[in-house]
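Just protein16.csv here, CSV, C-alpha atoms:
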```csv
chain,number,residue,atom,x,y,z
A,117,MET,CA,-0.8,-7.5,-4.3
A,118,ARG,CA,-2.9,-9.3,-7.0
A,119,PRO,CA,-5.2,-12.1,-5.7
A,120,HIS,CA,-4.1,-15.6,-6.4
A,121,PRO,CA,-6.4,-17.2,-9.1
A,122,ALA,CA,-8.0,-19.5,-6.4
A,123,ALA,CA,-8.6,-16.5,-4.2
A,124,LEU,CA,-10.1,-14.6,-7.1
A,125,ALA,CA,-12.5,-17.4,-7.6
A,126,LEU,CA,-13.5,-17.2,-4.0
A,127,LEU,CA,-14.0,-13.4,-4.4
A,128,LEU,CA,-16.4,-13.9,-7.2
A,129,THR,CA,-18.6,-16.3,-5.2
A,130,MET,CA,-18.3,-14.7,-1.7
A,131,PRO,CA,-21.6,-13.1,-0.8
A,132,ALA,CA,-20.1,-11.2,2.1
A,133,LEU,CA,-17.9,-9.0,-0.1
A,134,ALA,CA,-19.0,-6.0,-2.1
A,135,GLN,CA,-16.0,-4.2,-3.6
A,136,SER,CA,-14.4,-3.3,-6.9
A,137,PRO,CA,-11.3,-5.2,-7.9
A,138,ALA,CA,-9.1,-2.1,-7.6
A,139,VAL,CA,-8.6,-0.8,-4.1
A,140,PRO,CA,-7.5,2.8,-3.8
A,141,GLU,CA,-4.5,3.5,-1.6
A,142,GLY,CA,-4.0,6.4,0.8
A,143,VAL,CA,-6.2,9.1,2.4
A,144,THR,CA,-8.0,11.2,-0.2
A,145,PRO,CA,-10.0,14.3,0.7
A,146,THR,CA,-13.2,12.3,0.0
A,147,LEU,CA,-12.1,9.4,2.3
A,148,LEU,CA,-11.0,11.8,5.0
A,149,ALA,CA,-14.5,13.4,5.0
A,150,GLN,CA,-16.0,10.0,5.3
A,151,LEU,CA,-13.8,9.1,8.2
A,152,ARG,CA,-14.5,12.3,10.0
A,153,ALA,CA,-18.3,11.6,9.6
A,154,GLY,CA,-17.9,8.1,11.1
A,155,GLY,CA,-19.6,4.9,10.2
A,156,LEU,CA,-16.6,3.1,8.9
A,157,VAL,CA,-14.3,0.3,10.1
A,158,LEU,CA,-10.5,0.6,10.2
A,159,TYR,CA,-9.1,-2.9,10.0
A,160,PHE,CA,-5.4,-2.9,10.9
A,161,ARG,CA,-3.0,-5.7,10.7
A,162,HIS,CA,-0.8,-5.6,13.9
A,163,PHE,CA,2.3,-3.5,13.6
A,164,GLU,CA,5.9,-4.7,13.0
A,165,THR,CA,6.9,-7.7,15.0
A,166,GLN,CA,9.9,-9.7,16.2
A,167,GLY,CA,10.5,-13.3,17.1
A,168,ALA,CA,8.2,-16.2,16.3
A,169,ASP,CA,5.2,-18.0,17.8
A,170,ALA,CA,6.0,-21.1,19.8
A,171,PRO,CA,4.6,-24.4,18.6
A,172,GLN,CA,2.1,-24.1,21.4
A,173,VAL,CA,0.9,-20.5,22.0
A,174,THR,CA,-0.5,-19.5,25.3
A,175,LEU,CA,-2.6,-16.3,24.8
A,176,ARG,CA,-1.9,-14.9,28.2
A,177,ASP,CA,1.8,-15.5,27.9
A,178,CYS,CA,3.5,-13.1,25.5
A,179,THR,CA,6.8,-15.0,25.7
A,180,THR,CA,5.2,-17.8,23.7
A,181,GLN,CA,4.3,-15.4,20.9
A,182,ARG,CA,5.7,-13.2,18.1
A,183,THR,CA,5.5,-9.7,19.7
A,184,LEU,CA,5.8,-6.1,18.6
A,185,SER,CA,9.3,-4.8,18.0
A,186,GLU,CA,10.3,-1.4,19.3
A,187,GLN,CA,9.8,0.0,15.8
A,188,GLY,CA,6.3,-1.6,15.7
A,189,ARG,CA,5.4,0.1,19.0
A,190,GLU,CA,6.6,3.5,17.8
A,191,ASN,CA,4.8,3.1,14.5
A,192,ALA,CA,1.5,2.2,16.3
A,193,ARG,CA,1.9,5.3,18.5
A,194,GLU,CA,2.6,7.4,15.4
A,195,VAL,CA,-0.5,6.2,13.6
A,196,GLY,CA,-2.6,7.0,16.7
A,197,ARG,CA,-1.2,10.5,16.7
A,198,LEU,CA,-1.9,10.9,13.0
A,199,LEU,CA,-5.5,9.8,13.4
A,200,ARG,CA,-5.9,12.4,16.1
A,201,GLU,CA,-4.3,15.1,13.9
A,202,LEU,CA,-6.7,14.1,11.1
A,203,ARG,CA,-9.6,14.4,13.5
A,204,VAL,CA,-10.8,10.9,12.8
A,205,PRO,CA,-13.2,9.9,15.7
A,206,LEU,CA,-12.6,6.4,17.1
A,207,GLY,CA,-15.3,4.5,18.9
A,208,THR,CA,-15.2,0.8,19.7
A,209,VAL,CA,-11.6,-0.6,19.6
A,210,LEU,CA,-11.4,-4.4,19.2
A,211,SER,CA,-8.5,-6.7,18.8
A,212,GLY,CA,-7.6,-10.4,18.7
A,213,GLU,CA,-6.2,-11.9,21.9
A,214,TYR,CA,-2.6,-12.4,20.7
A,215,CYS,CA,-0.3,-9.9,22.4
A,216,ARG,CA,0.8,-8.3,19.2
A,217,ASN,CA,-2.8,-7.5,18.3
A,218,ARG,CA,-3.8,-6.2,21.8
A,219,ASP,CA,-0.6,-4.1,22.1
A,220,SER,CA,-1.0,-2.6,18.7
A,221,ALA,CA,-4.6,-1.5,19.4
A,222,ALA,CA,-3.7,-0.1,22.9
A,223,LEU,CA,-0.8,1.9,21.6
A,224,LEU,CA,-2.8,3.2,18.7
A,225,ALA,CA,-6.0,4.1,20.4
A,226,GLY,CA,-5.2,4.1,24.1
A,227,ARG,CA,-7.7,1.4,24.9
A,228,VAL,CA,-8.8,-2.0,23.5
A,229,SER,CA,-11.4,-4.7,24.0
A,230,PRO,CA,-9.8,-8.1,23.1
A,231,THR,CA,-12.2,-10.7,21.7
A,232,PRO,CA,-11.7,-14.3,20.8
A,233,ALA,CA,-13.9,-13.6,17.7
A,234,LEU,CA,-10.9,-12.1,16.1
A,235,ASN,CA,-8.5,-14.9,16.8
A,236,ASN,CA,-7.4,-17.2,13.9
A,237,PRO,CA,-5.7,-20.3,15.2
A,238,PHE,CA,-6.1,-22.0,11.9
A,239,PHE,CA,-3.9,-19.8,9.7
A,240,ARG,CA,-1.1,-22.5,9.6
A,241,SER,CA,-3.5,-25.4,9.4
A,242,GLY,CA,-7.2,-26.1,9.7
A,243,THR,CA,-10.2,-27.3,7.7
A,244,GLU,CA,-12.5,-25.5,5.4
A,245,ALA,CA,-15.0,-25.5,8.3
A,246,ASP,CA,-12.4,-23.7,10.5
A,247,ARG,CA,-11.9,-21.1,7.9
A,248,GLN,CA,-15.7,-20.6,7.5
A,249,ARG,CA,-16.0,-20.0,11.2
A,250,VAL,CA,-13.3,-17.3,11.1
A,251,MET,CA,-15.0,-15.6,8.2
A,252,ALA,CA,-18.4,-15.8,9.9
A,253,ARG,CA,-17.1,-14.2,13.1
A,254,LEU,CA,-15.5,-11.4,11.1
A,255,ARG,CA,-18.7,-10.8,9.1
A,256,ALA,CA,-20.7,-10.6,12.3
A,257,LEU,CA,-18.4,-7.9,13.6
A,258,LEU,CA,-18.5,-6.0,10.3
A,259,SER,CA,-22.3,-6.0,10.3
A,260,THR,CA,-22.3,-4.2,13.7
A,261,PRO,CA,-22.8,-0.5,13.0
A,262,PRO,CA,-20.1,1.8,14.6
A,263,ARG,CA,-21.4,4.1,17.3
A,264,ALA,CA,-22.9,7.3,15.8
A,265,GLY,CA,-20.2,9.7,14.7
A,266,THR,CA,-17.4,7.3,15.3
A,267,ASN,CA,-15.4,4.6,13.4
A,268,THR,CA,-14.7,1.1,14.8
A,269,VAL,CA,-11.1,0.0,15.0
A,270,ILE,CA,-10.2,-3.7,14.5
A,271,VAL,CA,-6.6,-4.9,15.0
A,272,THR,CA,-5.8,-8.5,14.4
A,273,HIS,CA,-4.1,-10.9,11.9
A,274,GLU,CA,-4.2,-10.2,8.2
A,275,GLN,CA,-5.4,-13.7,7.4
A,276,ASN,CA,-8.9,-13.1,8.7
A,277,LEU,CA,-9.5,-10.3,6.1
A,278,ARG,CA,-7.5,-12.2,3.5
A,279,LEU,CA,-10.0,-15.0,3.6
A,280,LEU,CA,-12.7,-12.5,2.5
A,281,THR,CA,-10.7,-10.3,0.1
A,282,GLY,CA,-7.8,-12.5,-1.3
A,283,TRP,CA,-5.1,-9.9,-0.6
A,284,MET,CA,-2.7,-9.4,2.2
A,285,LEU,CA,-2.2,-6.3,4.4
A,286,ALA,CA,1.4,-5.4,5.4
A,287,GLU,CA,2.2,-5.1,9.1
A,288,GLY,CA,0.7,-1.8,10.3
A,289,GLU,CA,-1.4,-1.3,7.2
A,290,ALA,CA,-5.2,-0.6,7.4
A,291,ALA,CA,-8.1,-1.4,5.2
A,292,VAL,CA,-10.9,1.1,5.4
A,293,LEU,CA,-14.2,-0.7,5.2
A,294,LYS,CA,-17.8,0.5,4.8
A,295,PRO,CA,-20.0,-2.2,6.5
A,296,ALA,CA,-23.6,-3.1,5.8
A,297,ALA,CA,-26.2,-4.6,8.0
A,298,ASP,CA,-26.3,-7.9,6.0
A,299,GLY,CA,-22.6,-8.6,6.7
A,300,ARG,CA,-21.4,-7.3,3.3
A,301,PHE,CA,-18.9,-4.6,3.1
A,302,SER,CA,-17.1,-2.4,0.6
A,303,VAL,CA,-13.3,-1.8,0.8
A,304,LEU,CA,-12.8,2.0,0.4
A,305,ALA,CA,-9.0,2.1,0.6
A,306,ARG,CA,-5.8,0.6,1.9
A,307,VAL,CA,-3.7,3.0,4.0
A,308,THR,CA,-0.2,2.6,5.3
A,309,ARG,CA,1.5,4.7,8.0
A,310,GLU,CA,2.9,6.9,5.2
A,311,GLY,CA,-0.6,7.2,3.7
A,312,PHE,CA,-1.9,8.6,6.9
A,313,ARG,CA,1.0,11.1,7.0
A,314,LEU,CA,0.2,12.3,3.5
A,315,GLY,CA,-3.4,12.6,4.4
A,316,ARG,CA,-2.7,15.6,6.7
```

If you convert what's in this file into C-alpha cells, what do you get?
Amino acid sequence: MRPHPAALALLLTMPALAQSPAVPEGVTPTLLAQLRAGGLVLYFRHFETQGADAPQVTLRDCTTQRTLSEQGRENAREVGRLLRELRVPLGTVLSGEYCRNRDSAALLAGRVSPTPALNNPFFRSGTEADRQRVMARLRALLSTPPRAGTNTVIVTHEQNLRLLTGWMLAEGEAAVLKPAADGRFSVLARVTREGFRLGR
C-alpha cells in the first residue's frame, strides 16, 4: 500500500524512522539469517477477527470487543509453528490489552505480557497530542534491545505502527524491524503467513 501524501510528508519529517521507501516482502535467506541471530522485533497486527467493538470497550470483557475468528486463531497457531520450524528464537512477547491482541500473541508464542503501552484508544478519534503519546510509547519499546540471541514479538493494532510508517499491515501480517537505541528503527521486511511458509 502506498503512503497517503500526508503520511508521506510525516515520514519525511519523522526522526524516529530510518527506512527506505520500498519495503521488501517475505523471508529471504538473508532475513532468515538475521532472525536466527536475534536482535530484531517482529511487529504483528492481530490475526483475523469477527464482530465489532462496542461503543464503550471494557478491556477485561472480550464480549465488548472485536475478537479473533476461528480462522484467525488457527492462523496464529500456524505462524507460531512456522517460526519454530524456521528456528527463529523468540524472547520477550508483548501485546496490547485488547483481547484480539493478547490472544494472537498467546496462540503464536505460547506466552504473552500485555501492556497498556501498546493500546491505542485514539484510532477512531483523538488529538494530535494523543497520537504523539501512542508514537512515543512505541518508540520507547522499539529502543529496548531484545534479549541476547532472541527476537522481541509485539502484537497489537496496526494503527500504532502506521502512525510511524504511513502504511497498513493486514490482519496477521508482520513487520520485521531492526531497532536502535535512540528509538529509530529500520523496516527490514513485511511478512504474511504465506511469506513465512515460503521462507522454509

Given the choices A:Ala305, A:Ser185, A:Phe163, A:Arg253, which gets closest to Ala286 (chain A) if the distance is worked out from all atoms listed in the file?
A:Phe163

Which one is closest to Arg255 (chain A): A:Arg227, A:Val157, A:Leu314, A:Arg200? Count all atoms listed in the file.
A:Val157

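Our summary of the geometry notes that CA of Pro140 (chain A) is positioned 15.9 Å from CA of Phe160 (chain A).
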
Atomic distance CA of Ala192 (chain A) - CA of His162 (chain A), expressed in Å with one decimal:
8.5 Å

Considering all atoms listed in the file, can you say which of A:Leu258, A:Val209, A:Val228, A:Leu223 comes closest to Glu190 (chain A)?
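Between A:Leu258, A:Val209, A:Val228, A:Leu223, the residue approaching Glu190 (chain A) most closely is A:Leu223.
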
Work out how far CA of Gly299 (chain A) is from CA of Val139 (chain A), in Å to one decimal.
19.3 Å

Do a neighbour search on Gln181 (chain A) at 7 Å with all atoms listed in the file, toss out local chain neighbours closer than 3 positions, and write the hits as JSON, numbers by chain.
{"A": [168, 169, 170, 173, 178]}

Write the residues of the selection above to a file with C-alpha atoms, as a compact mmCIF listing (two decimals), in the frame of the given file.
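Written output follows (again_0.txt):
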```txt
# COMPACT_ATOMS: atom_id res chain seq x y z
CA ALA A 168 8.20 -16.20 16.30
CA ASP A 169 5.20 -18.00 17.80
CA ALA A 170 6.00 -21.10 19.80
CA VAL A 173 0.90 -20.50 22.00
CA CYS A 178 3.50 -13.10 25.50
```

I'd like the neighbourhood of Ala291 (chain A) as an MDAnalysis selection string, where a residue qualifies if any of its atoms comes within 7 Å (using all atoms listed in the file), though same-chain residues fewer than 6 positions away should be ignored.
chainID A and resid 158:160 303 305:307

Any idea what's packed within 7 Å of Gly155 (chain A), counting only C-alpha atoms, ignoring anything in its chain fewer than 3 positions away? Could you give it as a short mmCIF file (atom, residue, chain, number, x, y, z; two decimals) with C-alpha atoms, in the frame of the given file?
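Generated output (part-v7.cif):
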```cif
data_model
loop_
_atom_site.label_atom_id
_atom_site.label_comp_id
_atom_site.auth_asym_id
_atom_site.auth_seq_id
_atom_site.Cartn_x
_atom_site.Cartn_y
_atom_site.Cartn_z
CA PRO A 261 -22.80 -0.50 13.00
CA PRO A 262 -20.10 1.80 14.60
CA ALA A 264 -22.90 7.30 15.80
CA GLY A 265 -20.20 9.70 14.70
CA THR A 266 -17.40 7.30 15.30
CA ASN A 267 -15.40 4.60 13.40
#
```

Using only C-alpha atoms, pick whichever of A:Arg189, A:Glu287, A:Leu279, A:Arg300 has the shortest atom-to-atom distance to Ser259 (chain A).
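For Ser259 (chain A), the nearest of the given residues is A:Arg300.
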
Could you pull out every residue with an atom within 8 Å of (-10.1, -6.3, 17.4), file coordinates, counting only C-alpha atoms, and send them as a short mmCIF file (atom, residue, chain, number, x, y, z; two decimals) with C-alpha atoms, in the frame of the given file?
```cif
data_model
loop_
_atom_site.label_atom_id
_atom_site.label_comp_id
_atom_site.auth_asym_id
_atom_site.auth_seq_id
_atom_site.Cartn_x
_atom_site.Cartn_y
_atom_site.Cartn_z
CA VAL A 209 -11.60 -0.60 19.60
CA LEU A 210 -11.40 -4.40 19.20
CA SER A 211 -8.50 -6.70 18.80
CA GLY A 212 -7.60 -10.40 18.70
CA ASN A 217 -2.80 -7.50 18.30
CA ARG A 218 -3.80 -6.20 21.80
CA ALA A 221 -4.60 -1.50 19.40
CA VAL A 228 -8.80 -2.00 23.50
CA SER A 229 -11.40 -4.70 24.00
CA PRO A 230 -9.80 -8.10 23.10
CA THR A 231 -12.20 -10.70 21.70
CA LEU A 234 -10.90 -12.10 16.10
CA VAL A 269 -11.10 0.00 15.00
CA ILE A 270 -10.20 -3.70 14.50
CA VAL A 271 -6.60 -4.90 15.00
CA THR A 272 -5.80 -8.50 14.40
#
```

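Among the candidates A:Gly311, A:Ala256, A:Thr268, A:Asn276, the residue lying nearest to Asp298 (chain A) is A:Ala256 (atoms considered: only C-alpha atoms).
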
Of A:Ala290, A:Ala252, A:Leu175, A:Val204, the one sitting nearest Gly154 (chain A) when using only C-alpha atoms is A:Val204

Could you please fill out region 299-310 of chain A with N, CA, C and O atoms and send it back as a tab-separated table (two decimals), keeping the file's coordinate frame?
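Done, and the output landed in result-v2.tsv:
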```tsv
chain	number	residue	atom	x	y	z
A	299	GLY	N	-23.87	-7.96	6.61
A	299	GLY	CA	-22.60	-8.60	6.70
A	299	GLY	C	-21.69	-8.34	5.48
A	299	GLY	O	-20.51	-8.68	5.49
A	300	ARG	N	-22.26	-7.73	4.44
A	300	ARG	CA	-21.40	-7.30	3.30
A	300	ARG	C	-20.66	-6.08	3.65
A	300	ARG	O	-20.99	-5.36	4.59
A	301	PHE	N	-19.60	-5.80	2.89
A	301	PHE	CA	-18.90	-4.60	3.10
A	301	PHE	C	-18.14	-4.18	1.84
A	301	PHE	O	-17.87	-5.01	0.97
A	302	SER	N	-17.86	-2.89	1.72
A	302	SER	CA	-17.10	-2.40	0.60
A	302	SER	C	-15.70	-1.95	1.19
A	302	SER	O	-15.61	-1.42	2.30
A	303	VAL	N	-14.65	-2.21	0.43
A	303	VAL	CA	-13.30	-1.80	0.80
A	303	VAL	C	-13.07	-0.42	0.12
A	303	VAL	O	-12.99	-0.34	-1.09
A	304	LEU	N	-13.00	0.62	0.93
A	304	LEU	CA	-12.80	2.00	0.40
A	304	LEU	C	-11.39	2.30	0.06
A	304	LEU	O	-11.11	3.05	-0.87
A	305	ALA	N	-10.46	1.76	0.85
A	305	ALA	CA	-9.00	2.10	0.60
A	305	ALA	C	-8.16	1.19	1.48
A	305	ALA	O	-8.62	0.57	2.44
A	306	ARG	N	-6.90	1.14	1.09
A	306	ARG	CA	-5.80	0.60	1.90
A	306	ARG	C	-4.92	1.74	2.27
A	306	ARG	O	-4.58	2.56	1.41
A	307	VAL	N	-4.51	1.83	3.55
A	307	VAL	CA	-3.70	3.00	4.00
A	307	VAL	C	-2.56	2.50	4.86
A	307	VAL	O	-2.75	1.81	5.86
A	308	THR	N	-1.35	2.87	4.48
A	308	THR	CA	-0.20	2.60	5.30
A	308	THR	C	0.10	3.78	6.22
A	308	THR	O	-0.58	4.81	6.17
A	309	ARG	N	1.10	3.63	7.07
A	309	ARG	CA	1.50	4.70	8.00
A	309	ARG	C	1.83	5.98	7.13
A	309	ARG	O	1.42	7.10	7.47
A	310	GLU	N	2.58	5.79	6.06
A	310	GLU	CA	2.90	6.90	5.20
A	310	GLU	C	1.67	7.52	4.57
A	310	GLU	O	1.58	8.75	4.39
```
